[in-house]
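Listing of upload.txt, compact mmCIF, C-alpha atoms
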# COMPACT_ATOMS: atom_id res chain seq x y z
CA MET A 1332 76.31 27.18 109.62
CA GLN A 1333 76.16 25.41 112.92
CA GLN A 1334 72.88 27.11 113.66
CA ILE A 1335 71.39 25.90 110.42
CA ILE A 1336 72.38 22.33 111.24
CA LEU A 1337 70.99 22.68 114.75
CA PHE A 1338 67.79 24.06 113.30
CA LEU A 1339 67.55 21.14 110.89
CA ILE A 1340 68.08 18.62 113.67
CA LYS A 1341 65.61 20.31 115.95
CA TYR A 1342 62.82 20.42 113.39
CA LYS A 1343 63.66 17.28 111.47
CA THR A 1344 60.27 15.66 112.13
CA ASP A 1345 58.35 18.66 110.87
CA LEU A 1346 60.62 19.07 107.88
CA VAL A 1347 60.30 15.40 106.88
CA PHE A 1348 56.55 15.66 107.34
CA ILE A 1349 56.24 18.78 105.19
CA LEU A 1350 58.45 17.32 102.49
CA LEU A 1351 56.57 14.03 102.27
CA PHE A 1352 53.20 15.76 102.50
CA ILE A 1353 54.04 18.06 99.60
CA LEU A 1354 55.13 15.02 97.60
CA ALA A 1355 51.83 13.26 98.37
CA LEU A 1356 49.77 16.32 97.45
CA ASN A 1357 51.72 16.72 94.25
CA LEU A 1358 50.93 13.12 93.27
CA THR A 1359 47.28 13.73 94.14
CA PHE A 1360 47.00 16.82 91.94
CA GLN A 1361 48.69 15.03 89.09
CA ALA A 1362 46.14 12.23 89.40
CA HIS A 1363 43.27 14.71 89.16
CA THR A 1364 44.26 15.66 85.65
CA TYR A 1365 43.60 13.25 82.83
CA HIS A 1366 46.57 11.41 81.33
CA ASN A 1367 49.25 12.81 83.52
CA ASN A 1368 50.03 10.24 86.15
CA THR A 1369 52.51 7.62 85.14
CA PHE A 1370 54.39 7.11 88.39
CA ILE A 1371 51.62 5.93 90.69
CA SER A 1372 50.01 3.29 88.53
CA SER A 1373 48.74 -0.18 89.31
CA ALA A 1374 50.07 -1.33 85.92
CA ASN A 1375 53.38 -2.43 87.41
CA TYR A 1376 54.88 -5.81 88.15
CA VAL A 1377 54.09 -6.10 91.88
CA THR A 1378 50.54 -4.75 92.09
CA GLY A 1379 49.69 -6.42 88.78
CA HIS A 1380 50.71 -9.84 90.04
CA VAL A 1381 48.98 -9.48 93.40
CA LEU A 1382 45.71 -8.37 91.78
CA GLU A 1383 45.98 -11.06 89.12
CA THR A 1384 46.43 -13.82 91.70
CA SER A 1385 43.44 -12.58 93.64
CA GLU A 1386 41.46 -12.40 90.40
CA HIS A 1387 42.29 -16.05 89.63
CA ILE A 1388 40.71 -17.08 92.92
CA ASP A 1389 37.83 -14.67 92.49
CA GLN A 1390 37.00 -16.05 89.06
CA TYR A 1391 35.76 -19.36 90.41
CA PHE A 1392 33.01 -17.71 92.38
CA ASP A 1393 31.77 -15.83 89.38
CA LEU A 1394 31.95 -18.47 86.66
CA LYS A 1395 28.23 -18.99 86.42
CA SER A 1396 27.20 -15.41 85.75
CA GLN A 1397 30.13 -14.81 83.38
CA ASN A 1398 29.20 -17.95 81.46
CA GLU A 1399 25.66 -16.71 81.17
CA LYS A 1400 26.92 -13.43 79.76
CA LEU A 1401 29.00 -15.26 77.17
CA LEU A 1402 26.07 -17.48 76.23
CA GLU A 1403 23.90 -14.44 75.78
CA GLU A 1404 26.50 -12.82 73.58
CA ASN A 1405 26.92 -16.03 71.57
CA LYS A 1406 23.20 -16.19 71.12
CA ALA A 1407 23.12 -12.66 69.75
CA LEU A 1408 26.04 -13.33 67.43
CA ARG A 1409 24.52 -16.58 66.15
CA TYR A 1410 21.25 -14.84 65.58
CA GLN A 1411 23.06 -12.39 63.32
CA LEU A 1412 24.91 -15.21 61.61
CA PHE A 1413 21.80 -17.25 60.82
CA ASN A 1414 19.48 -14.41 59.95
CA ASP A 1415 20.85 -12.73 56.87
CA PHE A 1416 21.58 -9.61 58.77
CA ASN A 1417 20.62 -6.14 57.90
CA PRO A 1418 22.32 -3.35 59.84
CA GLU A 1419 19.08 -1.35 59.99
CA ASP A 1420 17.35 -4.08 61.96
CA THR A 1421 19.95 -5.08 64.48
CA LEU A 1422 19.32 -3.91 67.98
CA ILE A 1423 21.37 -2.80 70.91
CA GLU A 1424 23.72 -5.71 71.33
CA ASP A 1425 25.05 -5.95 67.82
CA LEU A 1426 28.77 -6.15 67.23
CA ASN A 1427 28.64 -5.31 63.55
CA PHE A 1428 31.66 -3.03 63.75
CA ILE A 1429 33.80 -6.17 63.99
CA THR A 1430 33.37 -6.60 60.24
CA ASP A 1431 34.96 -3.20 59.77
CA THR A 1432 38.67 -3.92 59.25
CA LEU A 1433 39.58 -0.41 60.30
CA TYR A 1434 39.32 -1.66 63.85
CA LYS A 1435 41.21 -4.57 65.36
CA ILE A 1436 39.79 -6.34 68.40
CA LYS A 1437 41.81 -7.90 71.20
CA LYS A 1438 40.48 -9.65 74.27
CA ALA A 1439 41.51 -8.90 77.84
CA THR A 1440 40.38 -9.63 81.40
CA ILE A 1441 39.67 -7.07 84.09
CA ILE A 1442 41.61 -7.82 87.26
CA SER A 1443 40.79 -4.75 89.30
CA ASN A 1444 37.69 -2.62 89.03
CA TYR A 1445 36.79 0.47 91.08
CA TYR A 1446 33.49 2.28 90.75
CA ASP A 1447 32.88 3.84 94.17
CA LYS A 1448 35.23 6.78 93.86
CA ILE A 1449 34.97 10.03 91.94
CA ASP A 1450 37.81 9.14 89.57
CA ASN A 1451 37.85 5.44 88.84
CA TYR A 1452 40.38 3.27 87.05
CA LEU A 1453 40.43 -0.38 85.96
CA LEU A 1454 43.35 -2.72 85.49
CA LEU A 1455 43.49 -5.18 82.58
CA LYS A 1456 45.46 -8.39 82.25
CA GLY A 1457 46.96 -7.82 78.84
CA GLY A 1458 49.56 -5.19 77.96
CA GLU A 1459 52.22 -4.33 75.44
CA LYS A 1460 52.94 -8.03 74.81
CA GLU A 1461 49.42 -8.41 73.46
CA GLY A 1462 49.76 -5.22 71.44
CA ILE A 1463 47.63 -3.08 73.73
CA LYS A 1464 48.73 0.55 73.72
CA GLU A 1465 47.67 3.91 75.07
CA ASP A 1466 44.42 5.45 73.77
CA PHE A 1467 42.81 2.17 72.77
CA GLY A 1468 39.12 1.92 73.58
CA VAL A 1469 37.78 -0.76 75.94
CA ILE A 1470 34.27 -2.21 75.54
CA SER A 1471 32.28 -5.22 76.69
CA SER A 1472 29.52 -7.03 74.87
CA LYS A 1473 27.05 -4.52 76.29
CA GLY A 1474 28.77 -1.19 75.87
CA ILE A 1475 31.75 1.04 76.44
CA ILE A 1476 33.95 0.75 79.52
CA GLY A 1477 36.88 3.14 79.19
CA ILE A 1478 40.12 4.14 77.50
CA VAL A 1479 43.62 2.72 78.04
CA VAL A 1480 45.86 5.39 79.62
CA ASP A 1481 48.97 3.51 80.66
CA THR A 1482 50.51 0.15 79.79
CA SER A 1483 53.29 -2.13 81.02
CA GLU A 1484 54.54 -5.48 79.68
CA ASP A 1485 51.55 -7.50 80.91
CA TYR A 1486 49.04 -4.99 82.24
CA ALA A 1487 47.10 -1.98 81.07
CA ARG A 1488 45.51 0.76 83.16
CA VAL A 1489 42.16 1.97 81.91
CA ILE A 1490 40.43 5.21 82.79
CA SER A 1491 36.82 4.21 83.42
CA ILE A 1492 33.89 6.08 81.91
CA LEU A 1493 33.01 6.47 85.60
CA ASN A 1494 35.67 9.14 86.02
CA THR A 1495 34.95 12.87 86.20
CA ASN A 1496 37.85 13.50 83.81
CA THR A 1497 36.49 11.47 80.92
CA SER A 1498 34.26 12.94 78.27
CA ILE A 1499 33.11 10.78 75.40
CA ASN A 1500 31.51 11.77 72.15
CA ALA A 1501 28.04 10.20 71.94
CA LYS A 1502 24.91 10.58 69.86
CA LEU A 1503 21.22 9.76 69.76
CA LYS A 1504 21.04 6.54 67.77
CA LYS A 1505 17.91 7.64 65.95
CA THR A 1506 18.80 11.10 64.75
CA TYR A 1507 22.57 11.63 64.80
CA HIS A 1508 22.46 14.54 67.24
CA PHE A 1509 25.77 14.64 69.05
CA GLY A 1510 26.61 15.37 72.66
CA THR A 1511 29.26 14.81 75.29
CA LEU A 1512 28.96 11.99 77.80
CA SER A 1513 30.32 12.62 81.31
CA TRP A 1514 29.89 11.34 84.86
CA ASP A 1515 28.97 13.29 87.99
CA GLY A 1516 30.63 10.90 90.43
CA LYS A 1517 27.54 9.44 92.06
CA ASP A 1518 25.60 6.56 90.56
CA PRO A 1519 27.68 3.89 88.72
CA ASN A 1520 24.68 3.07 86.50
CA ARG A 1521 23.95 6.59 85.32
CA MET A 1522 25.81 9.13 83.20
CA ASN A 1523 24.97 12.53 81.75
CA LEU A 1524 24.84 13.50 78.09
CA ILE A 1525 25.26 17.26 77.73
CA ASP A 1526 25.32 19.76 74.87
CA VAL A 1527 22.62 18.11 72.79
CA PRO A 1528 20.96 20.93 70.76
CA ARG A 1529 17.29 21.74 71.45
CA SER A 1530 16.32 20.78 67.92
CA ALA A 1531 16.94 17.13 68.77
CA PRO A 1532 13.79 15.05 69.36
CA VAL A 1533 14.70 13.66 72.78
CA GLU A 1534 12.47 10.99 74.30
CA VAL A 1535 12.76 8.79 77.37
CA GLY A 1536 13.78 5.29 76.29
CA ASP A 1537 15.80 6.33 73.26
CA THR A 1538 19.16 4.63 72.75
CA ILE A 1539 22.47 6.47 73.07
CA THR A 1540 25.50 5.14 71.17
CA THR A 1541 29.05 6.31 70.58
CA GLY A 1542 29.36 9.08 68.02
CA GLY A 1543 32.33 7.94 66.00
CA ARG A 1544 33.84 11.42 66.00
CA SER A 1545 36.85 10.28 68.00
CA LEU A 1546 39.62 7.93 66.95
CA ILE A 1547 39.10 5.75 70.01
CA PHE A 1548 35.66 4.18 69.71
CA PRO A 1549 33.99 3.12 66.45
CA GLU A 1550 30.55 4.50 65.75
CA ASP A 1551 27.37 2.89 67.08
CA ILE A 1552 28.67 1.05 70.12
CA PRO A 1553 25.74 0.95 72.52
CA ILE A 1554 25.99 3.03 75.70
CA GLY A 1555 22.57 3.23 77.34
CA VAL A 1556 19.02 4.53 77.20
CA ILE A 1557 17.65 7.95 78.13
CA SER A 1558 16.05 7.78 81.55
CA ASP A 1559 15.38 11.48 82.08
CA PHE A 1560 16.13 14.82 80.43
CA GLU A 1561 15.72 18.55 80.92
CA LEU A 1562 16.09 21.51 78.60
CA ASN A 1563 18.29 24.38 79.72
CA GLN A 1564 16.10 27.29 78.57
CA ASN A 1565 18.84 29.90 78.41
CA ALA A 1566 21.49 27.93 76.58
CA GLY A 1567 19.13 25.89 74.46
CA TYR A 1568 20.83 22.61 75.20
CA TYR A 1569 19.50 19.41 76.70
CA THR A 1570 21.01 17.74 79.72
CA ILE A 1571 20.13 14.07 79.39
CA SER A 1572 20.42 11.41 82.07
CA VAL A 1573 21.50 8.09 80.55
CA SER A 1574 21.15 4.73 82.28
CA LEU A 1575 23.93 2.45 81.10
CA PHE A 1576 23.46 -0.98 79.49
CA ASN A 1577 26.66 -2.14 81.11
CA ASP A 1578 26.67 -3.09 84.76
CA MET A 1579 29.95 -1.34 85.57
CA THR A 1580 30.09 -3.10 88.93
CA ASN A 1581 30.31 -6.56 87.42
CA LEU A 1582 32.83 -6.78 84.57
CA LYS A 1583 35.20 -9.57 83.61
CA GLY A 1584 35.93 -10.26 79.93
CA VAL A 1585 36.35 -7.20 77.74
CA TYR A 1586 37.47 -6.26 74.23
CA VAL A 1587 40.17 -3.74 73.46
CA ILE A 1588 39.71 -1.87 70.20
CA GLU A 1589 42.59 -0.65 68.09
CA HIS A 1590 42.02 1.93 65.37
CA SER A 1591 44.53 0.75 62.78
CA LYS A 1592 44.72 4.03 60.88
CA LYS A 1593 45.02 6.24 63.94
CA GLU A 1594 48.55 7.55 63.21
CA GLU A 1595 47.53 8.54 59.73
CA ALA A 1596 44.45 10.36 60.98
CA TYR A 1597 46.43 12.19 63.66
CA GLN A 1598 48.89 13.40 61.09
CA LEU A 1599 46.13 14.78 58.94
CA LEU A 1600 44.56 16.50 61.92
CA ASN A 1601 47.85 17.98 63.16
CA PRO A 1602 49.90 18.60 60.01
CA GLU A 1603 52.48 20.76 61.82
CA LEU A 1604 53.61 17.85 64.03
CA PRO A 1605 56.46 15.73 62.65
CA MET B 1245 64.78 -5.92 115.81
CA LYS B 1246 61.68 -7.85 116.84
CA ILE B 1247 59.66 -4.64 116.53
CA TYR B 1248 60.81 -4.12 112.95
CA PHE B 1249 59.90 -7.68 112.01
CA LEU B 1250 56.50 -7.50 113.69
CA ASN B 1251 55.62 -4.22 112.01
CA SER B 1252 56.78 -5.41 108.59
CA VAL B 1253 54.49 -8.43 108.89
CA ARG B 1254 51.61 -6.20 109.99
CA PHE B 1255 52.34 -3.87 107.08
CA VAL B 1256 52.09 -6.63 104.47
CA ILE B 1257 49.03 -8.24 106.05
CA LEU B 1258 47.16 -4.95 106.39
CA VAL B 1259 47.87 -3.89 102.80
CA LEU B 1260 46.73 -7.27 101.47
CA VAL B 1261 43.62 -7.39 103.66
CA GLN B 1262 42.73 -3.87 102.58
CA VAL B 1263 43.30 -4.35 98.87
CA LEU B 1264 42.08 -7.91 98.39
CA ILE B 1265 39.19 -8.06 100.83
CA LEU B 1266 37.94 -4.71 102.10
CA ASN B 1267 38.18 -2.86 98.79
CA GLN B 1268 35.71 -5.36 97.35
CA PHE B 1269 33.16 -4.20 99.92
CA ASP B 1270 30.68 -1.65 98.80
CA ILE B 1271 28.08 -1.20 101.44
CA LEU B 1272 25.20 0.88 99.99
CA GLY B 1273 27.31 1.67 96.95
CA TYR B 1274 29.83 4.09 98.37
CA ILE B 1275 30.92 3.04 101.85
CA ASN B 1276 34.38 1.57 101.86
CA PRO B 1277 35.97 0.76 105.23
CA TYR B 1278 39.71 1.26 105.68
CA VAL B 1279 41.52 -0.66 108.42
CA TYR B 1280 45.14 0.00 107.50
CA PRO B 1281 45.42 3.03 109.89
CA LEU B 1282 45.62 0.25 112.50
CA LEU B 1283 49.35 0.05 111.77
CA ILE B 1284 49.81 3.69 112.77
CA ILE B 1285 47.70 3.12 115.89
CA LEU B 1286 49.77 0.12 116.98
CA ILE B 1287 53.37 1.17 116.29
CA PRO B 1288 55.37 1.57 119.53
CA PHE B 1289 54.80 4.85 121.29
CA ASN B 1290 58.49 5.68 121.56
CA ILE B 1291 59.36 5.09 117.91
CA ASN B 1292 61.73 7.46 116.13
CA SER B 1293 59.51 10.13 114.61
CA VAL B 1294 61.24 10.28 111.22
CA GLN B 1295 60.97 6.50 110.86
CA LYS B 1296 57.31 6.74 111.76
CA LEU B 1297 56.63 9.32 109.03
CA LEU B 1298 58.50 7.27 106.43
CA LEU B 1299 56.53 4.19 107.44
CA ALA B 1300 53.27 6.11 107.14
CA PHE B 1301 54.20 7.46 103.72
CA GLY B 1302 55.24 3.99 102.51
CA LEU B 1303 52.00 2.44 103.74
CA GLY B 1304 49.90 5.12 102.07
CA ILE B 1305 51.74 5.02 98.78
CA CYS B 1306 51.34 1.21 98.63
CA LEU B 1307 47.57 1.63 98.73
CA ASP B 1308 47.75 4.41 96.18
CA PHE B 1309 49.56 2.07 93.82
CA PHE B 1310 46.82 -0.51 94.14
CA GLU B 1311 43.94 1.93 93.83
CA ASP B 1312 45.45 4.29 91.23
CA SER B 1313 44.56 7.17 93.48
CA GLY B 1314 47.59 9.44 93.16
CA GLY B 1315 48.78 10.31 96.67
CA ILE B 1316 45.61 10.55 98.73
CA HIS B 1317 46.33 7.59 101.01
CA ALA B 1318 49.90 8.75 101.52
CA ALA B 1319 48.74 12.24 102.52
CA ALA B 1320 46.04 10.97 104.90
CA THR B 1321 48.34 8.45 106.59
CA LEU B 1322 51.10 11.04 106.96
CA ILE B 1323 48.72 13.43 108.72
CA ILE B 1324 47.61 10.86 111.30
CA ALA B 1325 51.21 9.76 111.91
CA TYR B 1326 52.27 13.37 112.40
CA LEU B 1327 49.36 14.22 114.70
CA ARG B 1328 49.62 11.00 116.69
CA PRO B 1329 51.77 12.37 119.56
CA VAL B 1330 49.34 15.27 120.05
CA LEU B 1331 46.35 12.91 120.09
CA LEU B 1332 48.09 10.47 122.43
CA ARG B 1333 48.87 13.26 124.90
CA GLY B 1334 45.33 14.55 124.66
CA VAL B 1335 43.68 11.15 125.13
CA PHE B 1336 45.98 9.27 127.49
CA GLY B 1337 47.33 12.25 129.42
CA SER B 1338 50.41 12.03 131.57
CA SER B 1339 51.12 8.33 131.17
CA TYR B 1340 52.15 9.09 127.59
CA ASP B 1341 54.57 11.80 128.73
CA TYR B 1342 56.29 9.43 131.16
CA GLN B 1343 56.67 6.82 128.41
CA THR B 1344 55.01 4.20 130.56
CA LEU B 1345 51.97 3.83 128.35
CA LYS B 1346 50.90 0.41 127.11
CA PHE B 1347 48.04 0.50 124.66
CA TYR B 1348 46.06 -2.36 126.16
CA ASP B 1349 46.58 -1.17 129.75
CA ALA B 1350 44.66 2.01 129.06
CA ALA B 1351 40.95 2.23 129.74
CA PHE B 1352 38.61 1.06 126.97
CA LYS B 1353 37.08 4.52 126.77
CA SER B 1354 40.34 6.28 125.97
CA ARG B 1355 41.42 3.54 123.54
CA PHE B 1356 38.11 3.92 121.71
CA LEU B 1357 38.40 7.71 121.64
CA PHE B 1358 41.92 7.46 120.24
CA VAL B 1359 40.80 5.11 117.43
CA VAL B 1360 37.81 7.34 116.63
CA LEU B 1361 40.01 10.44 116.35
CA ILE B 1362 42.64 8.74 114.20
CA VAL B 1363 40.10 7.19 111.84
CA PHE B 1364 38.03 10.35 111.58
CA ILE B 1365 41.01 12.56 110.74
CA HIS B 1366 42.31 9.98 108.27
CA HIS B 1367 38.99 9.62 106.47
CA THR B 1368 38.37 13.37 106.37
CA VAL B 1369 41.72 14.04 104.68
CA LEU B 1370 41.38 10.99 102.42
CA PHE B 1371 37.91 11.68 101.05
CA SER B 1372 38.43 15.46 100.81
CA LEU B 1373 41.46 14.89 98.61
CA GLU B 1374 39.69 12.19 96.63
CA ILE B 1375 36.54 14.16 95.87
CA PHE B 1376 38.32 17.50 95.77
CA SER B 1377 35.35 19.64 94.88
CA VAL B 1378 32.91 21.77 96.86
CA ASN B 1379 30.08 20.69 94.57
CA HIS B 1380 29.85 17.37 96.35
CA LEU B 1381 29.97 18.64 99.94
CA LEU B 1382 26.99 16.66 101.22
CA TYR B 1383 28.21 13.51 99.50
CA LEU B 1384 31.64 14.08 101.06
CA PHE B 1385 30.22 14.35 104.60
CA GLU B 1386 28.08 11.25 104.13
CA LYS B 1387 31.02 9.30 102.85
CA ILE B 1388 33.30 10.41 105.70
CA ILE B 1389 30.79 9.65 108.43
CA TYR B 1390 29.45 6.31 107.15
CA SER B 1391 32.85 4.95 106.18
CA SER B 1392 34.32 6.09 109.51
CA VAL B 1393 31.66 4.17 111.44
CA PHE B 1394 32.48 0.94 109.61
CA SER B 1395 36.25 1.47 109.84
CA ILE B 1396 36.08 2.18 113.58
CA LEU B 1397 33.96 -0.93 114.17
CA LEU B 1398 36.36 -3.12 112.21
CA ILE B 1399 39.46 -1.67 113.86
CA MET B 1400 38.02 -2.10 117.37
CA LEU B 1401 37.11 -5.70 116.49
CA ILE B 1402 40.61 -6.47 115.22
CA LEU B 1403 42.17 -4.81 118.28
CA LYS B 1404 40.06 -7.06 120.48
CA LEU B 1405 40.99 -10.15 118.47
CA ILE B 1406 44.76 -9.60 118.56
CA GLN B 1407 44.82 -8.65 122.24
CA LYS B 1408 47.09 -10.95 124.22
CA ASP B 1409 45.50 -12.44 127.29
CA THR B 1410 47.62 -11.08 130.10
CA LYS B 1411 45.19 -11.29 132.98
Would you give me this structure, written as structure tokens?
Amino acid sequence: MQQIILFLIKYKTDLVFILLFILALNLTFQAHTYHNNTFISSANYVTGHVLETSEHIDQYFDLKSQNEKLLEENKALRYQLFNDFNPEDTLIEDLNFITDTLYKIKKATIISNYYDKIDNYLLLKGGEKEGIKEDFGVISSKGIIGIVVDTSEDYARVISILNTNTSINAKLKKTYHFGTLSWDGKDPNRMNLIDVPRSAPVEVGDTITTGGRSLIFPEDIPIGVISDFELNQNAGYYTISVSLFNDMTNLKGVYVIEHSKKEEAYQLLNPELP
Amino acid sequence: MKIYFLNSVRFVILVLVQVLILNQFDILGYINPYVYPLLIILIPFNINSVQKLLLAFGLGICLDFFEDSGGIHAAATLIIAYLRPVLLRGVFGSSYDYQTLKFYDAAFKSRFLFVVLIVFIHHTVLFSLEIFSVNHLLYLFEKIIYSSVFSILLIMLILKLIQKDTK
């Protein structure tokens, strides 16, 4: 017994190191899997407040460009309002899904935005108090941004589309060929659309939008345009490089989308669950 | 007691500087300098080793909270705190063993070497855990080397700025 205690005292530094290191690695591995990291999250009181305060100061230096963005969006919305609008004609920046009451829209502000890592997250000002919950989609006026993964009273943590763990159902706007959108961890302006069948007429410059096969994003939210593509001869699938409409490095005001019939749809999809 | 106070202040300042200022930097898109290892460089040389490890873990986990990065900062900071005595002995030689070492009394060359080693080890562990895939090996090396250069420059600058004039 005494020897064990002596051993513990002698190697206490190494033991503490090993213990803490295993804990740190454990947290790291948890973070590498989607949806499984609730302990280390910036959506808590302290980090939320610090980032929010910094954001308040930061805002003043960015007012001009954010105002321009809003004006541009207003212009597009007014254009739709004044010109008796026909969904077939509207272009990229339409927000016609707002008229669909299946989806409820809430506004929120981004207070922390990372895009230089492999797995990026954003933090929103706006949490459970505003009715924001897990699995809500986040978009801006120009395209999709991410999915809410964790919420607290006032803040929500969002997994960015610039995260190697996200995969989003997307389609060619023209022809309804579906594929999966993912990120390779390099360029924050570029994503890859994989698994598009070879029968699809792919052309550089075509628009990619969300597919509407998930319960998170409505259909036809703009994502980006095709900048490059190649056909995998063996598998018969295209790998398409998409350049995003959204500048993911400069985001402020965003919209959070709630699918109001999500519970019902889940129950239909998984009837065995209570 | 004074040491505890001083290091707590440094802790808070370094975390805030890192999160609020340096994390907004993105030189060439992916270079992000980290200066918070400075705390581990500057803690007293004769500090209790368990306290040192706990401090390192706390510092790392604080950054992980802000960056939503799991435990990568905690792991990297723990490693440099644990390896610090070995590095100090290797770089400063016998004056470390006799406990007479003062950081600013040492030659510039050995101070610089010490900072380089600490930052390089820290960044290697940090980015390896962050990227965590052999598919991005070249990207990983680029990120380690470029970010290290900027971090080392910044840390050496700060060390120079906070040096007390004793001559």
Closest to B:Glu1311 among A:Lys1400, A:Arg1488, A:Lys1406, A:Lys1592, using all atoms listed in the file? A:Arg1488
Contact set, chain B to chain A: 10 Å, only C-alpha atoms, as a ChimeraX atom specification: /B:1260,1263-1265,1267-1270,1273-1276,1292-1298,1300-1301,1304-1323,1325-1326,1371,1373-1376,1379-1380,1383
Write out, as a PDB file, in the coordinates of the input, the residues just selected, with C-alpha atoms.
ATOM      1  CA  LEU B1260      46.730  -7.270 101.470  1.00  0.00           C
ATOM      2  CA  VAL B1263      43.300  -4.350  98.870  1.00  0.00           C
ATOM      3  CA  LEU B1264      42.080  -7.910  98.390  1.00  0.00           C
ATOM      4  CA  ILE B1265      39.190  -8.060 100.830  1.00  0.00           C
ATOM      5  CA  ASN B1267      38.180  -2.860  98.790  1.00  0.00           C
ATOM      6  CA  GLN B1268      35.710  -5.360  97.350  1.00  0.00           C
ATOM      7  CA  PHE B1269      33.160  -4.200  99.920  1.00  0.00           C
ATOM      8  CA  ASP B1270      30.680  -1.650  98.800  1.00  0.00           C
ATOM      9  CA  GLY B1273      27.310   1.670  96.950  1.00  0.00           C
ATOM     10  CA  TYR B1274      29.830   4.090  98.370  1.00  0.00           C
ATOM     11  CA  ILE B1275      30.920   3.040 101.850  1.00  0.00           C
ATOM     12  CA  ASN B1276      34.380   1.570 101.860  1.00  0.00           C
ATOM     13  CA  ASN B1292      61.730   7.460 116.130  1.00  0.00           C
ATOM     14  CA  SER B1293      59.510  10.130 114.610  1.00  0.00           C
ATOM     15  CA  VAL B1294      61.240  10.280 111.220  1.00  0.00           C
ATOM     16  CA  GLN B1295      60.970   6.500 110.860  1.00  0.00           C
ATOM     17  CA  LYS B1296      57.310   6.740 111.760  1.00  0.00           C
ATOM     18  CA  LEU B1297      56.630   9.320 109.030  1.00  0.00           C
ATOM     19  CA  LEU B1298      58.500   7.270 106.430  1.00  0.00           C
ATOM     20  CA  ALA B1300      53.270   6.110 107.140  1.00  0.00           C
ATOM     21  CA  PHE B1301      54.200   7.460 103.720  1.00  0.00           C
ATOM     22  CA  GLY B1304      49.900   5.120 102.070  1.00  0.00           C
ATOM     23  CA  ILE B1305      51.740   5.020  98.780  1.00  0.00           C
ATOM     24  CA  CYS B1306      51.340   1.210  98.630  1.00  0.00           C
ATOM     25  CA  LEU B1307      47.570   1.630  98.730  1.00  0.00           C
ATOM     26  CA  ASP B1308      47.750   4.410  96.180  1.00  0.00           C
ATOM     27  CA  PHE B1309      49.560   2.070  93.820  1.00  0.00           C
ATOM     28  CA  PHE B1310      46.820  -0.510  94.140  1.00  0.00           C
ATOM     29  CA  GLU B1311      43.940   1.930  93.830  1.00  0.00           C
ATOM     30  CA  ASP B1312      45.450   4.290  91.230  1.00  0.00           C
ATOM     31  CA  SER B1313      44.560   7.170  93.480  1.00  0.00           C
ATOM     32  CA  GLY B1314      47.590   9.440  93.160  1.00  0.00           C
ATOM     33  CA  GLY B1315      48.780  10.310  96.670  1.00  0.00           C
ATOM     34  CA  ILE B1316      45.610  10.550  98.730  1.00  0.00           C
ATOM     35  CA  HIS B1317      46.330   7.590 101.010  1.00  0.00           C
ATOM     36  CA  ALA B1318      49.900   8.750 101.520  1.00  0.00           C
ATOM     37  CA  ALA B1319      48.740  12.240 102.520  1.00  0.00           C
ATOM     38  CA  ALA B1320      46.040  10.970 104.900  1.00  0.00           C
ATOM     39  CA  THR B1321      48.340   8.450 106.590  1.00  0.00           C
ATOM     40  CA  LEU B1322      51.100  11.040 106.960  1.00  0.00           C
ATOM     41  CA  ILE B1323      48.720  13.430 108.720  1.00  0.00           C
ATOM     42  CA  ALA B1325      51.210   9.760 111.910  1.00  0.00           C
ATOM     43  CA  TYR B1326      52.270  13.370 112.400  1.00  0.00           C
ATOM     44  CA  PHE B1371      37.910  11.680 101.050  1.00  0.00           C
ATOM     45  CA  LEU B1373      41.460  14.890  98.610  1.00  0.00           C
ATOM     46  CA  GLU B1374      39.690  12.190  96.630  1.00  0.00           C
ATOM     47  CA  ILE B1375      36.540  14.160  95.870  1.00  0.00           C
ATOM     48  CA  PHE B1376      38.320  17.500  95.770  1.00  0.00           C
ATOM     49  CA  ASN B1379      30.080  20.690  94.570  1.00  0.00           C
ATOM     50  CA  HIS B1380      29.850  17.370  96.350  1.00  0.00           C
ATOM     51  CA  TYR B1383      28.210  13.510  99.500  1.00  0.00           C
TER      52      TYR B1383
END
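Rounded to one decimal, atom CA of A:Leu1350 and atom CA of B:Phe1385 lie 28.5 Å from each other.
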From atom CA of A:Ile1463 to atom CA of A:Val1587 the spacing works out at 7.5 Å
Between A:Ile1340, A:Leu1562, A:Ile1547, A:Ile1571, which has the minimum distance to A:Val1535 (counting only C-alpha atoms)? A:Ile1571
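You will find atom CA of A:Ser1471 at 8.7 Å from atom CA of A:Lys1583.
For A:Lys1438, the list of residues within 12 Å, based on only C-alpha atoms and with local chain neighbours fewer than 4 positions off taken out, reads Leu1455, Lys1456, Gly1457, Gly1458, Glu1461, Gly1462, Ile1463, Gly1468, Val1469, Ile1470, Ser1471, Ser1472, Lys1583, Gly1584, Val1585, Tyr1586, Val1587, Ile1588 and Glu1589 of chain A.
Using all atoms listed in the file, the nearest neighbour of B:Ser1252 within the list B:Leu1299, B:Ile1285, B:Ile1389, B:Leu1398 is B:Leu1299.
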Within 6 Å of file point (53.3, -1.0, 78.1), counting all atoms listed in the file, expressed as number ranges by chain: A: 1458-1459, 1482-1484
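Excluding A:Gly1536 itself and any same-chain residue fewer than 5 positions from it, the protein and nucleic acid residues within 8 Å of it, counting all atoms listed in the file, are Val1556, Ile1557 and Ser1558 of chain A.
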Residue subset to file, keeping C-alpha atoms, as an mmCIF file, in the coordinates of the input:
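Below you can see again-v8.cif, which holds the result:
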data_model
loop_
_atom_site.group_PDB
_atom_site.id
_atom_site.type_symbol
_atom_site.label_atom_id
_atom_site.label_comp_id
_atom_site.auth_asym_id
_atom_site.auth_seq_id
_atom_site.Cartn_x
_atom_site.Cartn_y
_atom_site.Cartn_z
ATOM 1 C CA VAL A 1556 19.020 4.530 77.200
ATOM 2 C CA ILE A 1557 17.650 7.950 78.130
ATOM 3 C CA SER A 1558 16.050 7.780 81.550
#
